[in-house]
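Okay, structure first, notes after.
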Amino acid sequence: MADVTIIGAGVAGLWAAWALCKAGVAVRLIDRNGAPGPHGCSWWAGGMLAPFCEGAVAEAPVVMHGQQAAAHWADVTKVTYRGSLVVALERDKGELARFARRTSGHEWVRDGLATLEPDLTGPTQALFFGAEAHLDPRNALADLVAALKGRGVSIEHGDVTLDDITGAVIDARGMASPVAGLRGVRGEMVVLRAPDIALSRPVRLLHPRHPLYIVPRANGVYMLGATQIESADRRGISARSTLELLSAAYALDPRFAEAEVLETGADLRPAFADNVPRVIRQGRVLHLNGLFRHGYLMAPALAQQAADFLTHGIKGDLFHED
């Protein structure tokens with residue numbers, strides 16, 4: 001018999017299962033769509049573990065807890081520790097100075113950018129966040145599923161209600177959860193293959209209207225993202241967003257014009273008003289939700305606080321009573 005039943009096998013539900021397994025709790029994990037895939041917003045993530053960069057717009061808990069994310073993920077999957085770069089084109093260099101004032105954990109790179117990232121030929125200066133990291137989201141999800149299977153936990157494919165479950169429940173269903181106060185924030189992405197471009201770390205291009213991040217994956221593949229639209233529209237990526245992402249990539253490096261478009265995608269990221277995730281207790285149910293654009297950065301901390309409450313009654317700073 002399970003001590004805790006988890007509904008939802010996205011990044012939050014998987015991490016909740018992993019944290020509880022490590023605490024010696026018997027877990028049942030159920031998802032109406034089965035294993036992670038295109039049905040979940042975790043599938044479309046960039047995989048940047050960049051708490052200091054996110055500090056430009058994120059609240060303090062995201063920066064604080066996010067600094068531990070890379071170490072947690074490294075227990076279950078490959079994490080690349082090469083930091084991240086923030087750049088701006090010459091006409092937008094004022095954006096770089098403003099970003100520097102809003103963040104910490106960086107150093108200015110004015111003369112050594114070619115040494116740090118030789119293939120980045122356009123910008124002449126950057127902010128280097130050396131303590132940041134990145135991972136491949138889909139590989140990370142698969143590795144987390146495999147780690148759970150090694151502990152005897154498999155994902156059950158099915159739909160359940162609370163009436164079907166006895167005992168403690170963790171609801172990690174994202175936008176499908178009934179928890180109050182959630183809104184959908186649309187995010188879109190493009191995946192390119194550009195074998196002639198060699199970037200070794202995520203690069204953020206600042207722009208007053210069309211910011212861009214580029215995350216390297218294996219074999220010359222790059223994920224482009226940064227759209228953040230206050231909308232509950234679940235359709236595929238719009239023509240406008242595609243043009244903006246590709247145009248920004250072209251502005252950073254014209255060789256992206258010859259890249260092969262491998263994939264496009266869009267989904268909704270669940271968020272609360274302050275964009276900070278929460279563990280919300282409603283009776284015997286703990287809701288893990290509101291990860292916004294910080295799913296991979298904040299899921300380990302959110303899951304650990306849920307596990308701490310269920311095993312020791314400890315209420316962390318992300319814990320709320322409803």
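Chain identifiers are assigned as A, B, and so on, following the order in which chains appear in the structure tokens; residues are numbered from 1 within each chain, and ligands are numbered from 1 in order of appearance.
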
Pull the strand (DSSP E or B) assignments for segment 106-236 of chain A out of DSSP run on the backbone, and list those residues as a PyMOL selection string. chain A and resi 107-109+126-129+133-134+155-157+168-171+183-193+203-206+212-216+221-225+229

Produce a table with one row for each residue of segment 90-195 of chain A that has an atom at most 7 Å from any atom of segment 252-263 of chain A, each row naming the nearest atom pair and its distance in Å at one decimal; use only C-alpha atoms; arrange rows by chain and rising residue number; format as a tab-separated table.
```
residue	atom	partner	partner_atom	distance
A:Gly122	CA	A:Leu252	CA	6.2
A:Val190	CA	A:Glu263	CA	5.8
A:Val191	CA	A:Glu263	CA	5.0
A:Leu192	CA	A:Val261	CA	4.6
A:Arg193	CA	A:Glu260	CA	5.0
A:Ala194	CA	A:Ala259	CA	4.6
```

What does the distance from atom CA of Ile30 of chain A to atom CA of Asp164 of chain A come to in Å, to one decimal?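 Between atom CA of Ile30 of chain A and atom CA of Asp164 of chain A the gap works out to 11.9 Å.
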
What's the 12 Å shell around Phe309 of chain A, counting only C-alpha atoms, without same-chain residues fewer than 3 positions away, as a PyMOL selection string? chain A and resi 16+19-20+23+168+170+279-281+284-286+302-306+312-321

Serialized selection, N, CA, C and O atoms, as a compact mmCIF listing (two decimals), in the first residue's frame:
```txt
# COMPACT_ATOMS: atom_id res chain seq x y z
N ALA A 16 8.47 15.09 -6.56
CA ALA A 16 7.81 14.75 -5.29
C ALA A 16 7.98 13.26 -5.00
O ALA A 16 8.28 12.86 -3.86
N ALA A 19 11.70 12.65 -3.95
CA ALA A 19 12.00 13.13 -2.60
C ALA A 19 11.40 12.22 -1.54
O ALA A 19 12.02 11.92 -0.51
N LEU A 20 10.17 11.74 -1.77
CA LEU A 20 9.52 10.86 -0.81
C LEU A 20 10.17 9.49 -0.78
O LEU A 20 10.33 8.89 0.29
N ALA A 23 13.08 9.51 1.29
CA ALA A 23 12.73 9.61 2.71
C ALA A 23 12.12 8.32 3.25
O ALA A 23 11.72 8.26 4.42
N ALA A 168 -2.83 10.22 2.22
CA ALA A 168 -2.30 11.51 1.78
C ALA A 168 -2.16 11.55 0.26
O ALA A 168 -1.84 10.54 -0.38
N ILE A 170 -0.69 14.05 -3.10
CA ILE A 170 -0.03 15.21 -3.69
C ILE A 170 -0.63 15.42 -5.07
O ILE A 170 -0.60 14.52 -5.91
N VAL A 279 3.54 25.04 -2.08
CA VAL A 279 2.92 23.82 -1.55
C VAL A 279 1.70 24.28 -0.78
O VAL A 279 1.83 24.96 0.23
N ILE A 280 0.52 23.94 -1.26
CA ILE A 280 -0.72 24.41 -0.64
C ILE A 280 -1.43 23.21 -0.02
O ILE A 280 -1.76 22.24 -0.72
N ARG A 281 -1.68 23.29 1.26
CA ARG A 281 -2.36 22.19 1.94
C ARG A 281 -3.86 22.45 1.99
O ARG A 281 -4.31 23.51 2.44
N ARG A 284 -6.14 16.62 3.41
CA ARG A 284 -5.13 15.58 3.19
C ARG A 284 -4.40 15.73 1.85
O ARG A 284 -3.56 14.90 1.50
N VAL A 285 -4.71 16.81 1.14
CA VAL A 285 -4.11 17.03 -0.18
C VAL A 285 -3.08 18.15 -0.10
O VAL A 285 -3.36 19.24 0.44
N LEU A 286 -1.91 17.90 -0.66
CA LEU A 286 -0.92 18.94 -0.88
C LEU A 286 -0.87 19.24 -2.37
O LEU A 286 -0.64 18.34 -3.19
N LEU A 302 10.51 22.55 -4.18
CA LEU A 302 9.09 22.40 -3.89
C LEU A 302 8.80 20.98 -3.40
O LEU A 302 8.08 20.77 -2.41
N ALA A 303 9.37 19.99 -4.08
CA ALA A 303 9.17 18.59 -3.70
C ALA A 303 9.74 18.30 -2.32
O ALA A 303 9.12 17.59 -1.51
N GLN A 304 10.90 18.85 -2.03
CA GLN A 304 11.52 18.60 -0.73
C GLN A 304 10.69 19.18 0.41
O GLN A 304 10.56 18.57 1.47
N GLN A 305 10.11 20.36 0.17
CA GLN A 305 9.27 20.95 1.23
C GLN A 305 8.00 20.13 1.44
O GLN A 305 7.52 20.01 2.58
N ALA A 306 7.45 19.57 0.37
CA ALA A 306 6.29 18.68 0.53
C ALA A 306 6.68 17.44 1.31
O ALA A 306 5.96 17.00 2.21
N HIS A 312 7.87 14.97 8.53
CA HIS A 312 8.26 15.56 9.81
C HIS A 312 7.39 16.74 10.25
O HIS A 312 7.66 17.36 11.29
N GLY A 313 6.38 17.08 9.45
CA GLY A 313 5.51 18.20 9.82
C GLY A 313 6.15 19.56 9.66
O GLY A 313 5.63 20.56 10.18
N ILE A 314 7.27 19.63 8.94
CA ILE A 314 7.98 20.90 8.78
C ILE A 314 7.34 21.71 7.66
O ILE A 314 7.13 21.21 6.55
N LYS A 315 7.04 22.97 7.95
CA LYS A 315 6.45 23.86 6.96
C LYS A 315 7.52 24.85 6.48
O LYS A 315 7.93 25.72 7.22
N GLY A 316 7.95 24.67 5.24
CA GLY A 316 8.96 25.55 4.68
C GLY A 316 8.39 26.87 4.20
O GLY A 316 7.19 27.15 4.32
N ASP A 317 9.24 27.70 3.64
CA ASP A 317 8.82 29.03 3.22
C ASP A 317 7.89 29.02 2.02
O ASP A 317 7.22 30.02 1.74
N LEU A 318 7.82 27.90 1.30
CA LEU A 318 6.91 27.79 0.16
C LEU A 318 5.58 27.15 0.54
O LEU A 318 4.72 26.94 -0.32
N PHE A 319 5.42 26.85 1.83
CA PHE A 319 4.22 26.13 2.30
C PHE A 319 3.11 27.14 2.63
O PHE A 319 3.33 28.16 3.28
N HIS A 320 1.88 26.80 2.20
CA HIS A 320 0.71 27.62 2.49
C HIS A 320 -0.43 26.73 2.95
O HIS A 320 -0.62 25.62 2.43
N GLU A 321 -1.20 27.21 3.88
CA GLU A 321 -2.43 26.54 4.32
C GLU A 321 -3.61 27.21 3.62
O GLU A 321 -3.69 28.43 3.54
```

Counting only C-alpha atoms, which residues in segment 91-208 of chain A sit no more than 10 Å from segment 236-242 of chain A? For each one, give the nearest pair of atoms and the distance in Å, sorted by chain then residue number, as JSON lines.
```
{"residue": "A:Arg186", "atom": "CA", "partner": "A:Ile237", "partner_atom": "CA", "distance": 9.6}
{"residue": "A:Gly187", "atom": "CA", "partner": "A:Ile237", "partner_atom": "CA", "distance": 8.6}
{"residue": "A:Glu188", "atom": "CA", "partner": "A:Ile237", "partner_atom": "CA", "distance": 5.8}
{"residue": "A:Met189", "atom": "CA", "partner": "A:Ile237", "partner_atom": "CA", "distance": 7.5}
{"residue": "A:Val190", "atom": "CA", "partner": "A:Thr242", "partner_atom": "CA", "distance": 7.3}
```
